[in-house]
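Data from my_file_0.txt: compact mmCIF, C-alpha atoms
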```
# COMPACT_ATOMS: atom_id res chain seq x y z
CA MET C 52 47.89 85.90 -107.81
CA SER C 53 51.24 86.70 -106.31
CA GLY C 54 52.96 86.34 -103.00
CA PRO C 55 55.06 89.10 -101.45
CA SER C 56 57.52 90.53 -103.94
CA ALA C 57 61.25 90.25 -103.62
CA GLN C 58 62.57 92.28 -100.71
CA ASN C 59 63.40 95.86 -101.67
CA GLU C 60 63.13 98.22 -98.74
CA THR C 61 64.25 101.33 -100.64
CA GLN C 62 61.94 104.16 -99.63
CA ILE C 63 59.94 105.90 -102.33
CA THR C 64 60.71 109.59 -102.15
CA ASP C 65 60.26 110.54 -105.81
CA TYR C 66 57.43 109.83 -108.27
CA ARG C 67 60.07 108.98 -110.89
CA GLN C 68 61.02 105.84 -108.94
CA LEU C 69 57.58 104.41 -109.77
CA VAL C 70 57.90 105.21 -113.46
CA ASP C 71 61.41 103.76 -113.55
CA VAL C 72 60.10 100.33 -112.51
CA MET C 73 58.23 100.04 -115.80
CA ALA C 74 60.95 101.71 -117.84
CA SER C 75 63.43 99.18 -116.45
CA GLY C 76 61.53 96.47 -118.33
CA GLU C 77 62.69 97.79 -121.71
CA LYS C 78 64.78 95.23 -123.62
CA PRO C 79 66.18 94.95 -127.15
CA PRO C 80 64.25 92.42 -129.26
CA ALA C 81 67.06 89.88 -128.98
CA ASP C 82 66.40 89.75 -125.23
CA TRP C 83 62.61 89.45 -125.39
CA ARG C 84 61.31 86.44 -123.51
CA ILE C 85 58.06 84.54 -123.00
CA GLY C 86 56.67 83.87 -119.52
CA THR C 87 53.64 81.57 -119.40
CA GLU C 88 51.43 81.13 -116.33
CA HIS C 89 48.54 78.75 -115.86
CA GLU C 90 46.22 77.69 -113.05
CA LYS C 91 44.33 74.43 -112.58
CA PHE C 92 41.75 72.93 -110.26
CA GLY C 93 42.75 70.07 -107.99
CA PHE C 94 40.21 67.39 -107.08
CA ARG C 95 40.19 64.22 -105.02
CA LEU C 96 39.77 61.18 -107.21
CA ASP C 97 37.41 59.45 -104.78
CA ASP C 98 34.77 62.18 -104.42
CA LEU C 99 35.88 64.95 -106.84
CA ARG C 100 36.00 67.52 -104.03
CA PRO C 101 38.73 70.18 -104.06
CA PRO C 102 41.57 69.28 -101.69
CA THR C 103 42.04 71.26 -98.51
CA PHE C 104 45.41 72.73 -97.63
CA ASP C 105 46.39 70.23 -94.97
CA GLY C 106 45.89 66.51 -94.51
CA PRO C 107 47.29 63.48 -96.35
CA GLN C 108 45.57 64.53 -99.59
CA GLY C 109 46.16 68.23 -99.05
CA ILE C 110 47.73 70.83 -101.28
CA GLU C 111 50.66 71.26 -98.87
CA ALA C 112 51.38 67.53 -99.22
CA LEU C 113 51.43 68.00 -102.98
CA LEU C 114 53.83 70.94 -102.74
CA LYS C 115 56.13 68.99 -100.45
CA GLY C 116 55.99 66.06 -102.86
CA LEU C 117 57.10 68.29 -105.72
CA THR C 118 60.33 69.15 -103.88
CA ARG C 119 61.71 65.78 -105.09
CA PHE C 120 62.14 67.49 -108.46
CA GLY C 121 64.38 70.22 -107.08
CA TRP C 122 61.74 72.79 -106.20
CA GLN C 123 62.64 74.89 -103.16
CA PRO C 124 59.83 75.50 -100.65
CA TYR C 125 58.68 78.93 -99.52
CA GLU C 126 56.94 79.10 -96.14
CA GLU C 127 54.51 81.49 -94.54
CA ASN C 128 53.92 80.98 -90.81
CA GLY C 129 55.64 77.61 -90.99
CA GLN C 130 53.47 76.28 -93.83
CA VAL C 131 54.69 75.56 -97.36
CA ILE C 132 52.67 77.81 -99.67
CA ALA C 133 54.92 78.09 -102.75
CA LEU C 134 57.91 76.61 -104.57
CA SER C 135 60.68 78.05 -106.73
CA ARG C 136 63.17 76.62 -109.23
CA ASP C 137 65.19 78.07 -112.10
CA ASN C 138 63.31 81.42 -112.26
CA ALA C 139 59.93 79.65 -112.15
CA SER C 140 57.50 79.22 -109.27
CA VAL C 141 54.55 77.13 -108.17
CA THR C 142 52.02 79.06 -106.11
CA LEU C 143 48.52 78.70 -104.73
CA GLU C 144 45.40 80.62 -105.61
CA PRO C 145 42.91 81.28 -102.77
CA ALA C 146 41.06 77.94 -102.97
CA GLY C 147 44.13 75.88 -103.74
CA GLN C 148 44.16 76.26 -107.51
CA LEU C 149 47.73 75.34 -108.44
CA GLU C 150 49.63 77.87 -110.56
CA LEU C 151 52.83 77.48 -112.53
CA SER C 152 54.53 80.82 -113.17
CA GLY C 153 57.02 79.82 -115.80
CA ALA C 154 60.54 81.08 -116.33
CA PRO C 155 61.24 83.71 -119.03
CA LEU C 156 62.04 81.55 -122.07
CA GLU C 157 63.10 82.24 -125.66
CA THR C 158 60.58 80.24 -127.72
CA ILE C 159 57.14 78.64 -127.57
CA HIS C 160 58.92 75.29 -127.93
CA ASP C 161 60.72 76.03 -124.65
CA THR C 162 57.65 77.21 -122.80
CA CYS C 163 55.57 74.25 -123.98
CA LYS C 164 58.30 71.87 -122.83
CA GLU C 165 58.25 73.60 -119.46
CA VAL C 166 54.46 73.27 -119.18
CA GLY C 167 54.60 69.59 -120.13
CA GLY C 168 57.37 68.85 -117.64
CA HIS C 169 55.46 70.59 -114.86
CA LEU C 170 52.26 68.67 -115.59
CA ARG C 171 54.16 65.37 -115.56
CA GLU C 172 55.70 66.21 -112.19
CA VAL C 173 52.32 67.21 -110.76
CA ARG C 174 50.75 64.04 -112.14
CA GLU C 175 53.37 61.80 -110.50
CA VAL C 176 52.84 63.32 -107.05
CA ALA C 177 49.08 63.70 -107.46
CA ASP C 178 48.66 60.02 -108.40
CA GLU C 179 50.34 59.03 -105.15
CA LEU C 180 47.97 61.28 -103.18
CA GLY C 181 44.79 60.27 -105.00
CA LEU C 182 44.41 63.67 -106.64
CA GLY C 183 43.67 64.84 -110.18
CA PHE C 184 43.85 68.23 -111.90
CA LEU C 185 41.46 69.85 -114.34
CA GLY C 186 42.04 72.78 -116.71
CA MET C 187 38.94 74.95 -117.15
CA GLY C 188 38.05 78.59 -116.57
CA PHE C 189 35.53 78.04 -113.78
CA GLN C 190 34.94 75.31 -111.20
CA PRO C 191 32.18 73.28 -112.88
CA LYS C 192 30.67 71.46 -109.89
CA TRP C 193 31.29 72.84 -106.42
CA ARG C 194 29.58 75.85 -104.85
CA ARG C 195 31.53 78.76 -103.47
CA ASP C 196 30.81 77.69 -99.88
CA GLN C 197 32.24 74.25 -100.66
CA MET C 198 35.61 75.61 -101.71
CA PRO C 199 38.52 75.54 -99.23
CA TRP C 200 40.68 78.56 -98.38
CA MET C 201 44.45 78.58 -98.35
CA PRO C 202 46.31 80.01 -95.31
CA LYS C 203 47.87 83.02 -97.05
CA GLY C 204 47.71 86.39 -95.33
CA ARG C 205 46.86 88.45 -98.41
CA TYR C 206 43.92 86.19 -99.23
CA LYS C 207 42.29 86.75 -95.84
CA ILE C 208 42.44 90.50 -96.44
CA MET C 209 41.00 90.17 -99.94
CA ARG C 210 38.31 87.75 -98.74
CA ASP C 211 37.05 90.33 -96.26
CA TYR C 212 37.23 93.23 -98.74
CA MET C 213 35.81 91.70 -101.93
CA PRO C 214 32.12 91.61 -100.88
CA LYS C 215 32.29 95.35 -100.21
CA VAL C 216 33.11 96.22 -103.83
CA GLY C 217 31.42 93.56 -105.99
CA LYS C 218 29.14 90.53 -105.97
CA LEU C 219 31.46 88.03 -107.65
CA GLY C 220 34.89 88.74 -106.18
CA LEU C 221 34.86 85.67 -103.95
CA ASP C 222 33.97 83.54 -106.96
CA MET C 223 36.91 85.07 -108.81
CA MET C 224 39.19 84.11 -105.95
CA THR C 225 37.97 80.59 -105.31
CA ARG C 226 36.44 79.26 -108.53
CA THR C 227 38.38 80.62 -111.51
CA CYS C 228 41.49 79.54 -113.38
CA THR C 229 43.33 81.28 -116.21
CA VAL C 230 46.28 80.95 -118.54
CA GLN C 231 48.26 84.07 -119.33
CA VAL C 232 51.48 85.10 -121.02
CA ASN C 233 53.90 87.86 -120.06
CA LEU C 234 55.73 89.64 -122.88
CA ASP C 235 58.44 92.28 -123.23
CA TYR C 236 58.72 95.63 -124.98
CA ALA C 237 61.65 97.59 -126.41
CA SER C 238 60.66 101.14 -125.48
CA GLU C 239 57.82 103.21 -124.11
CA ALA C 240 56.41 103.66 -127.63
CA ASP C 241 56.63 99.92 -128.25
CA MET C 242 54.86 99.25 -124.93
CA VAL C 243 52.06 101.66 -125.87
CA LYS C 244 51.44 100.04 -129.23
CA LYS C 245 51.49 96.53 -127.79
CA PHE C 246 49.24 97.56 -124.90
CA ARG C 247 46.65 99.04 -127.28
CA VAL C 248 46.68 96.07 -129.66
CA SER C 249 46.49 93.47 -126.90
CA LEU C 250 43.77 95.32 -125.01
CA ALA C 251 41.62 95.69 -128.12
CA LEU C 252 42.12 92.03 -129.05
CA GLN C 253 41.80 90.59 -125.55
CA PRO C 254 38.13 89.67 -126.22
CA VAL C 255 39.36 87.56 -129.15
CA ALA C 256 41.50 85.53 -126.75
CA THR C 257 38.57 85.29 -124.35
CA ALA C 258 36.39 83.89 -127.14
CA LEU C 259 38.98 81.45 -128.50
CA PHE C 260 39.79 80.10 -125.03
CA ALA C 261 36.23 80.18 -123.60
CA ASP C 262 35.86 77.14 -121.35
CA SER C 263 33.67 77.91 -118.34
CA PRO C 264 30.04 77.07 -119.19
CA PHE C 265 29.03 75.39 -115.90
CA THR C 266 28.24 76.65 -112.40
CA ASP C 267 27.20 74.38 -109.53
CA GLY C 268 26.95 71.44 -111.93
CA GLU C 269 24.60 73.12 -114.44
CA PRO C 270 24.97 75.26 -117.57
CA ASN C 271 25.29 78.91 -116.59
CA GLY C 272 24.39 80.57 -119.90
CA TYR C 273 27.96 81.71 -120.60
CA ARG C 274 30.86 80.49 -122.70
CA SER C 275 33.36 82.19 -120.41
CA TYR C 276 31.76 82.70 -117.04
CA ARG C 277 35.25 83.37 -115.68
CA SER C 278 35.45 86.45 -117.89
CA HIS C 279 31.98 87.59 -116.84
CA ILE C 280 32.96 87.36 -113.17
CA TRP C 281 35.54 90.11 -113.66
CA THR C 282 32.74 92.52 -114.61
CA ASP C 283 31.39 92.44 -111.04
CA THR C 284 34.52 91.92 -108.95
CA ASP C 285 35.92 95.39 -108.25
CA GLY C 286 35.47 98.22 -110.72
CA ASP C 287 38.37 100.18 -109.22
CA ARG C 288 40.94 97.65 -110.42
CA THR C 289 39.46 95.83 -113.44
CA GLY C 290 38.33 96.56 -116.98
CA MET C 291 39.43 97.80 -120.39
CA LEU C 292 41.42 100.92 -119.33
CA ASP C 293 40.08 103.38 -121.89
CA PHE C 294 42.88 105.84 -121.07
CA VAL C 295 45.38 103.50 -122.78
CA PHE C 296 43.98 104.66 -126.13
CA GLU C 297 44.21 108.36 -125.29
CA ASP C 298 46.91 110.64 -126.71
CA GLY C 299 49.90 110.90 -124.42
CA PHE C 300 49.50 107.50 -122.81
CA GLY C 301 52.71 106.06 -121.41
CA TYR C 302 54.39 104.89 -118.22
CA GLU C 303 53.39 107.97 -116.23
CA ARG C 304 49.70 107.67 -117.07
CA TYR C 305 49.68 104.03 -116.00
CA VAL C 306 51.46 104.94 -112.75
CA ASP C 307 48.78 107.56 -112.09
CA TYR C 308 46.12 104.88 -112.58
CA LEU C 309 47.88 102.49 -110.22
CA ILE C 310 48.35 105.10 -107.51
CA ASP C 311 44.57 105.53 -107.40
CA VAL C 312 43.81 101.80 -107.26
CA PRO C 313 42.79 101.17 -103.63
CA MET C 314 45.30 99.23 -101.57
CA TYR C 315 44.91 95.76 -100.10
CA PHE C 316 47.87 95.51 -97.74
CA SER C 317 51.45 96.29 -96.83
CA TYR C 318 53.80 93.37 -96.13
CA ARG C 319 55.82 94.36 -93.08
CA ASN C 320 57.83 92.38 -90.56
CA GLY C 321 56.77 89.13 -92.18
CA GLU C 322 53.05 89.85 -91.90
CA TYR C 323 50.34 91.27 -94.13
CA MET C 324 48.92 94.50 -92.69
CA ASP C 325 45.30 95.04 -93.68
CA LEU C 326 45.04 98.34 -95.58
CA ALA C 327 42.12 97.37 -97.80
CA GLY C 328 40.55 100.40 -99.45
CA ARG C 329 43.25 102.81 -98.32
CA SER C 330 44.89 105.33 -100.64
CA PHE C 331 48.34 104.62 -102.02
CA ARG C 332 48.52 108.31 -102.90
CA LYS C 333 48.24 109.16 -99.20
CA PHE C 334 50.83 106.50 -98.45
CA LEU C 335 53.24 108.25 -100.84
CA ALA C 336 52.68 111.47 -98.91
CA GLY C 337 53.25 109.80 -95.54
CA GLU C 338 49.62 110.50 -94.62
CA LEU C 339 48.25 106.98 -94.27
CA ASP C 340 46.60 106.85 -90.85
CA GLU C 341 47.78 103.32 -90.08
CA LEU C 342 51.40 104.16 -91.01
CA ARG C 343 51.44 107.87 -90.23
CA GLY C 344 54.71 109.47 -91.29
CA GLU C 345 55.99 106.30 -92.99
CA LEU C 346 56.69 106.20 -96.69
CA PRO C 347 56.14 103.14 -98.89
CA THR C 348 59.07 101.06 -100.05
CA MET C 349 59.72 99.68 -103.50
CA ARG C 350 58.46 96.35 -102.21
CA ASP C 351 55.17 98.04 -101.30
CA TRP C 352 54.95 99.39 -104.85
CA ASN C 353 55.82 96.07 -106.47
CA ASP C 354 53.18 94.36 -104.34
CA HIS C 355 50.63 97.06 -105.13
CA MET C 356 51.16 96.60 -108.88
CA THR C 357 49.96 92.99 -108.50
CA THR C 358 46.63 94.10 -107.00
CA ALA C 359 45.29 95.74 -110.18
CA PHE C 360 43.46 93.28 -112.43
CA PRO C 361 42.73 94.92 -115.82
CA GLU C 362 42.38 92.86 -118.99
CA VAL C 363 46.04 93.67 -119.77
CA ARG C 364 48.40 94.57 -116.94
CA LEU C 365 51.68 96.47 -117.08
CA LYS C 366 54.53 95.76 -114.69
CA LYS C 367 58.04 95.31 -116.13
CA TYR C 368 56.28 93.49 -118.95
CA LEU C 369 52.77 93.21 -120.36
CA GLU C 370 50.46 90.47 -119.05
CA MET C 371 47.69 89.08 -121.25
CA ARG C 372 44.88 88.22 -118.82
CA GLY C 373 41.78 87.38 -120.90
CA ALA C 374 41.86 83.59 -121.33
CA ASP C 375 40.24 80.72 -119.47
CA GLY C 376 42.42 77.89 -118.24
CA GLY C 377 42.28 74.74 -120.31
CA PRO C 378 43.97 71.53 -121.45
CA TRP C 379 47.66 71.11 -122.22
CA GLY C 380 47.44 72.07 -125.91
CA ARG C 381 45.68 75.37 -125.30
CA LEU C 382 48.18 76.29 -122.59
CA CYS C 383 50.80 76.43 -125.35
CA ALA C 384 48.46 78.11 -127.84
CA LEU C 385 48.01 81.27 -125.76
CA PRO C 386 51.67 82.35 -125.74
CA ALA C 387 51.92 81.36 -129.41
CA PHE C 388 48.93 83.57 -130.28
CA TRP C 389 50.28 86.66 -128.56
CA VAL C 390 53.93 86.17 -129.50
CA GLY C 391 52.90 85.92 -133.15
CA LEU C 392 50.97 89.18 -132.86
CA LEU C 393 53.37 91.22 -130.73
CA TYR C 394 56.93 89.97 -131.33
CA ASP C 395 57.03 90.60 -135.09
CA ASP C 396 56.90 94.19 -136.37
CA ALA C 397 54.85 93.42 -139.48
CA ALA C 398 52.35 91.40 -137.45
CA LEU C 399 52.08 94.14 -134.83
CA ASP C 400 51.42 96.69 -137.58
CA ALA C 401 48.77 94.42 -139.14
CA ALA C 402 47.13 93.83 -135.76
CA TRP C 403 47.04 97.57 -135.12
CA ASP C 404 45.46 98.12 -138.52
CA LEU C 405 42.82 95.57 -137.51
CA VAL C 406 41.81 97.40 -134.33
CA LYS C 407 42.85 101.04 -134.66
CA ASP C 408 39.40 102.24 -135.73
CA PHE C 409 37.52 100.38 -132.99
CA THR C 410 35.50 102.87 -130.99
CA MET C 411 35.46 102.80 -127.22
CA ALA C 412 31.86 101.59 -127.39
CA GLU C 413 32.86 98.75 -129.70
CA ARG C 414 35.74 97.68 -127.47
CA HIS C 415 33.39 97.54 -124.52
CA ALA C 416 30.70 95.72 -126.50
CA LEU C 417 33.23 93.03 -127.40
CA ARG C 418 34.49 92.76 -123.82
CA ASP C 419 30.99 92.58 -122.34
CA GLY C 420 29.42 90.37 -125.02
CA VAL C 421 32.04 87.67 -125.51
CA PRO C 422 31.61 85.99 -122.10
CA LYS C 423 28.03 85.03 -123.00
CA HIS C 424 28.18 84.62 -126.77
CA GLY C 425 31.78 83.61 -127.50
CA LEU C 426 32.64 83.42 -131.19
CA ALA C 427 29.00 83.96 -132.18
CA LEU C 428 28.94 87.54 -130.84
CA PRO C 429 27.85 89.92 -133.65
CA PHE C 430 30.44 92.53 -134.55
CA ARG C 431 29.95 95.10 -137.30
CA ASP C 432 28.74 93.13 -140.34
CA ALA C 433 30.08 89.77 -139.11
CA THR C 434 30.80 88.02 -135.80
CA MET C 435 33.64 87.56 -133.36
CA ARG C 436 34.52 84.40 -135.29
CA GLU C 437 35.62 86.39 -138.34
CA LEU C 438 37.64 88.78 -136.20
CA ALA C 439 39.29 85.82 -134.46
CA ILE C 440 40.18 84.21 -137.80
CA GLU C 441 41.87 87.41 -138.95
CA ALA C 442 43.81 87.73 -135.68
CA VAL C 443 44.99 84.12 -135.85
CA LYS C 444 46.10 84.59 -139.46
CA ILE C 445 48.19 87.60 -138.45
CA SER C 446 49.70 85.61 -135.59
CA ILE C 447 50.58 82.70 -137.88
CA ALA C 448 52.38 85.05 -140.25
CA GLY C 449 54.26 86.60 -137.34
CA LEU C 450 55.41 83.23 -136.05
CA ARG C 451 56.54 82.19 -139.54
CA ARG C 452 58.68 85.29 -139.82
CA ARG C 453 60.11 84.65 -136.33
CA ALA C 454 61.17 81.24 -137.66
CA ARG C 455 62.09 79.82 -134.25
CA ARG C 456 62.48 76.12 -134.94
CA ASN C 457 62.80 73.07 -132.74
CA ILE C 458 65.30 70.26 -133.30
CA ALA C 459 62.90 68.71 -135.83
CA GLY C 460 62.91 71.90 -137.87
CA GLN C 461 59.32 72.89 -137.00
CA ASP C 462 58.49 76.52 -136.37
CA GLU C 463 56.07 77.77 -133.71
CA THR C 464 52.95 77.89 -135.91
CA ALA C 465 51.93 74.32 -134.99
CA PHE C 466 50.96 75.55 -131.54
CA LEU C 467 48.13 77.54 -133.15
CA ASP C 468 46.50 74.49 -134.75
CA THR C 469 44.00 74.17 -131.91
CA LEU C 470 42.96 77.83 -132.31
CA ILE C 471 42.63 77.49 -136.08
CA GLU C 472 40.30 74.54 -135.55
CA ILE C 473 38.22 76.40 -132.95
CA ALA C 474 37.93 79.55 -135.07
CA GLU C 475 37.10 77.79 -138.32
CA ALA C 476 34.50 75.55 -136.68
CA GLY C 477 33.06 78.46 -134.70
CA GLN C 478 32.84 76.18 -131.67
CA THR C 479 34.60 76.93 -128.41
CA ALA C 480 35.59 74.36 -125.82
CA ALA C 481 32.58 75.59 -123.85
CA ASP C 482 30.24 74.82 -126.77
CA ARG C 483 31.62 71.31 -127.03
CA LYS C 484 31.33 70.59 -123.34
CA LEU C 485 27.74 71.84 -123.39
CA ALA C 486 26.97 69.46 -126.27
CA LEU C 487 28.44 66.57 -124.28
CA PHE C 488 26.53 67.60 -121.15
CA HIS C 489 23.21 67.64 -123.00
CA GLY C 490 24.13 64.55 -125.02
CA GLU C 491 26.17 61.54 -123.99
CA TRP C 492 26.83 62.79 -120.45
CA ASN C 493 23.08 62.97 -119.85
CA GLY C 494 23.48 65.94 -117.51
CA ASP C 495 26.21 64.34 -115.37
CA ILE C 496 28.80 67.05 -114.66
CA ASP C 497 31.09 64.51 -112.99
CA ARG C 498 32.04 63.31 -116.46
CA VAL C 499 34.06 66.48 -117.03
CA PHE C 500 36.54 65.45 -114.33
CA LYS C 501 36.96 61.98 -115.81
CA GLU C 502 37.29 63.01 -119.45
CA PHE C 503 39.18 66.31 -119.27
CA ALA C 504 41.65 65.90 -116.40
CA TYR C 505 45.33 66.35 -117.22
```

Take the structure I supplied and represent it as structure tokens, if you would.
Amino acid sequence: MSGPSAQNETQITDYRQLVDVMASGEKPPADWRIGTEHEKFGFRLDDLRPPTFDGPQGIEALLKGLTRFGWQPYEENGQVIALSRDNASVTLEPAGQLELSGAPLETIHDTCKEVGGHLREVREVADELGLGFLGMGFQPKWRRDQMPWMPKGRYKIMRDYMPKVGKLGLDMMTRTCTVQVNLDYASEADMVKKFRVSLALQPVATALFADSPFTDGEPNGYRSYRSHIWTDTDGDRTGMLDFVFEDGFGYERYVDYLIDVPMYFSYRNGEYMDLAGRSFRKFLAGELDELRGELPTMRDWNDHMTTAFPEVRLKKYLEMRGADGGPWGRLCALPAFWVGLLYDDAALDAAWDLVKDFTMAERHALRDGVPKHGLALPFRDATMRELAIEAVKISIAGLRRRARRNIAGQDETAFLDTLIEIAEAGQTAADRKLALFHGEWNGDIDRVFKEFAY
């Protein structure tokens, strides 16, 4: 989740200003970049509990420790809650999950180097504090009421609002982690095609990256419980966005959707103003009771865009949001998968051919079934596994044609090796952890922290 957006106090007086934000993201293919984000769970090495914000083993101590590497601190109410460096940032999720929002980079080689460098920096500081970090989609051991809360104004507002609109919103905030990639588009038509392909294939990513089979120390019956949680978080701002597949979809239709997503807040005078459930449409008309006569600013709009949580999200780029967090290798595999599909014209055409005849009912069946069944989910005359294999093959071909090589002459296809292995074996990370839990771990969930920490 985001902090307040960059300051832009320009008043919104024309609907076109909202559309222009998305149109401003258009770039020629030579300027397309890759932005990778990932979240991870911190835990204390002595008792495996998640660290609180303050204290000698706290998350703030970790953030301050990272400043030795040139990260610049960002404070809210005198407390360090984020860092920035070279167009990248380190931020906190509601329960202290640590997120790297990477810089826009040219190749998967670059983004994987960035991820590895970040994890090494975190490891150095964490070792000194007696902390470890784990990549999974859902907190495997601790209950919701055992999770700490970070002192960020927007999270207090969301914490109060979430139980009013869904049963699992607080779990989403405190006990989930994801990896996502942000990708560019050349034009409105290019955005539409990429949006449709990535939305239809988002369940494939969910299946391939499924890694959240435990809740409160026990198997929960899901491969990706993180993905299931989004089905009962807040129906006004989540889901598969069926209108994306309708004739005439474009920037304006997405703006119309966003305007009707209920608000959370407005960031004014350095504070978050609680506007949870209020209408942004009324705000645009100057009719919001709490700010009667005031019009929103572009910062209000940029903040509001971050409060919609569909499976794919449009801002000035497209965000792929379907994958569970995981180990280092899979953090690099996600951007590789989507870049291979979306950044090569032939691959994008092939991916569209793969999904263009999916019905709305089929898209929803994939989205709703994958969290529980993963790659074994039946689909048409086969399973999700076969669909995933086809998607990975298309991605491999796209990366080969991109031919972006490192200094050793290797292209980007090697980053998909872990997904090839998962798809061919038909076993997700969740399946393998369940086998360990029922086998050599003998039901001891603590083993996951020891054997799968970064």

### Query
For the atom pair CA of Glu144 in chain C and CA of Cys228 in chain C, what is the interatomic distance in Å to one decimal place?
8.8 Å

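Proximity to Glu77 in chain C was assessed for C:Leu326, C:Ala237, C:Val243, C:Ala442 counting only C-alpha atoms; the smallest distance is recorded for C:Ala237.
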
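Across C:Asp293, C:Asp161, C:Glu127, C:Asp495, the tightest approach to Met411 in chain C is made by C:Asp293 when counting all atoms listed in the file.
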
Show me a table, sorted first by chain and then by increasing residue number, of the residues of range 254-337 of chain C having an atom at most 8 Å from range 194-217 of chain C, each with its shortest atom pair and the distance in Å to one decimal, counting only C-alpha atoms and written as JSON lines.
```
{"residue": "C:Thr266", "atom": "CA", "partner": "C:Arg194", "partner_atom": "CA", "distance": 7.7}
{"residue": "C:Asp267", "atom": "CA", "partner": "C:Arg194", "partner_atom": "CA", "distance": 5.5}
{"residue": "C:Asp283", "atom": "CA", "partner": "C:Gly217", "partner_atom": "CA", "distance": 5.2}
{"residue": "C:Thr284", "atom": "CA", "partner": "C:Gly217", "partner_atom": "CA", "distance": 4.6}
{"residue": "C:Asp285", "atom": "CA", "partner": "C:Val216", "partner_atom": "CA", "distance": 5.3}
{"residue": "C:Gly286", "atom": "CA", "partner": "C:Val216", "partner_atom": "CA", "distance": 7.6}
{"residue": "C:Tyr315", "atom": "CA", "partner": "C:Met209", "partner_atom": "CA", "distance": 6.8}
{"residue": "C:Phe316", "atom": "CA", "partner": "C:Arg205", "partner_atom": "CA", "distance": 7.2}
{"residue": "C:Glu322", "atom": "CA", "partner": "C:Gly204", "partner_atom": "CA", "distance": 7.2}
{"residue": "C:Tyr323", "atom": "CA", "partner": "C:Gly204", "partner_atom": "CA", "distance": 5.7}
{"residue": "C:Asp325", "atom": "CA", "partner": "C:Ile208", "partner_atom": "CA", "distance": 6.0}
{"residue": "C:Ala327", "atom": "CA", "partner": "C:Tyr212", "partner_atom": "CA", "distance": 6.5}
{"residue": "C:Gly328", "atom": "CA", "partner": "C:Tyr212", "partner_atom": "CA", "distance": 7.9}
```

For Arg414 in chain C, work out the shell of residues within 9 Å, counting all atoms listed in the file and skipping chain neighbours fewer than 3 positions away, then give it as a compact mmCIF listing (two decimals) with C-alpha atoms, in the coordinates of the input.
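Final output, saved to around22.txt:
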```
# COMPACT_ATOMS: atom_id res chain seq x y z
CA LEU C 250 43.77 95.32 -125.01
CA ALA C 251 41.62 95.69 -128.12
CA LEU C 252 42.12 92.03 -129.05
CA PRO C 254 38.13 89.67 -126.22
CA MET C 291 39.43 97.80 -120.39
CA PHE C 409 37.52 100.38 -132.99
CA THR C 410 35.50 102.87 -130.99
CA MET C 411 35.46 102.80 -127.22
CA LEU C 417 33.23 93.03 -127.40
CA ARG C 418 34.49 92.76 -123.82
CA ASP C 419 30.99 92.58 -122.34
```

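What separates CA of Trp122 in chain C from CA of Thr158 in chain C is a distance of 22.8 Å.
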
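Coordinates place CA of Gln190 in chain C at a distance of 8.5 Å from CA of Thr225 in chain C.
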
### Message
I want to know what sits within 7 Å of Lys423 in chain C, based on only C-alpha atoms, with residues of the same chain fewer than 2 positions away left out; could you give that as a ChimeraX atom specification?
### Response
/C:272-275,420-421,425

Selection export as an mmCIF file, keeping the file's coordinate frame, atoms kept: C-alpha atoms:
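Okay, this is what ended up in out_15.cif:
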```cif
data_model
loop_
_atom_site.group_PDB
_atom_site.id
_atom_site.type_symbol
_atom_site.label_atom_id
_atom_site.label_comp_id
_atom_site.auth_asym_id
_atom_site.auth_seq_id
_atom_site.Cartn_x
_atom_site.Cartn_y
_atom_site.Cartn_z
ATOM 1 C CA GLY C 272 24.390 80.570 -119.900
ATOM 2 C CA TYR C 273 27.960 81.710 -120.600
ATOM 3 C CA ARG C 274 30.860 80.490 -122.700
ATOM 4 C CA SER C 275 33.360 82.190 -120.410
ATOM 5 C CA GLY C 420 29.420 90.370 -125.020
ATOM 6 C CA VAL C 421 32.040 87.670 -125.510
ATOM 7 C CA GLY C 425 31.780 83.610 -127.500
#
```

### Message
Using all atoms listed in the file, list the residues that have an atom at most 7 Å from (41.6, 88.9, -125.4), coordinates as in the file, as a list of chain:residue names.
### Response
C:Ser249, C:Leu250, C:Leu252, C:Gln253, C:Pro254, C:Val255, C:Ala256, C:Thr257, C:Gly373, C:Ala374

Go ahead and save the picked residues with C-alpha atoms, as a tab-separated table (two decimals), keeping the file's coordinate frame.
```tsv
chain	number	residue	atom	x	y	z
C	249	SER	CA	46.49	93.47	-126.90
C	250	LEU	CA	43.77	95.32	-125.01
C	252	LEU	CA	42.12	92.03	-129.05
C	253	GLN	CA	41.80	90.59	-125.55
C	254	PRO	CA	38.13	89.67	-126.22
C	255	VAL	CA	39.36	87.56	-129.15
C	256	ALA	CA	41.50	85.53	-126.75
C	257	THR	CA	38.57	85.29	-124.35
C	373	GLY	CA	41.78	87.38	-120.90
C	374	ALA	CA	41.86	83.59	-121.33
```

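Compared by their closest atoms to Trp281 in chain C, and using only C-alpha atoms, the residues C:Pro107, C:Pro361, C:Gly153, C:Gly168 rank with C:Pro361 nearest.
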
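Using only C-alpha atoms, the smallest distance between any of C:Phe265, C:Phe246, C:Tyr505, C:Phe184 and Val363 in chain C comes from C:Phe246.
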
### Task
Would you list the contacts of range 451-456 of chain C as a list in words, taking every protein, DNA or RNA residue within 12 Å and counting all atoms listed in the file, but skipping same-chain residues closer than 6 positions in sequence?
Pro80, Ala81, Glu157, Thr158, Ile159, His160, Asp161, Ala387, Val390, Gly391, Leu392, Leu393, Tyr394, Asp395, Asp396, Ala397, Ala398, Lys444, Ile445, Asp462, Glu463, Thr464, Ala465, Phe466 and Leu467 of chain C
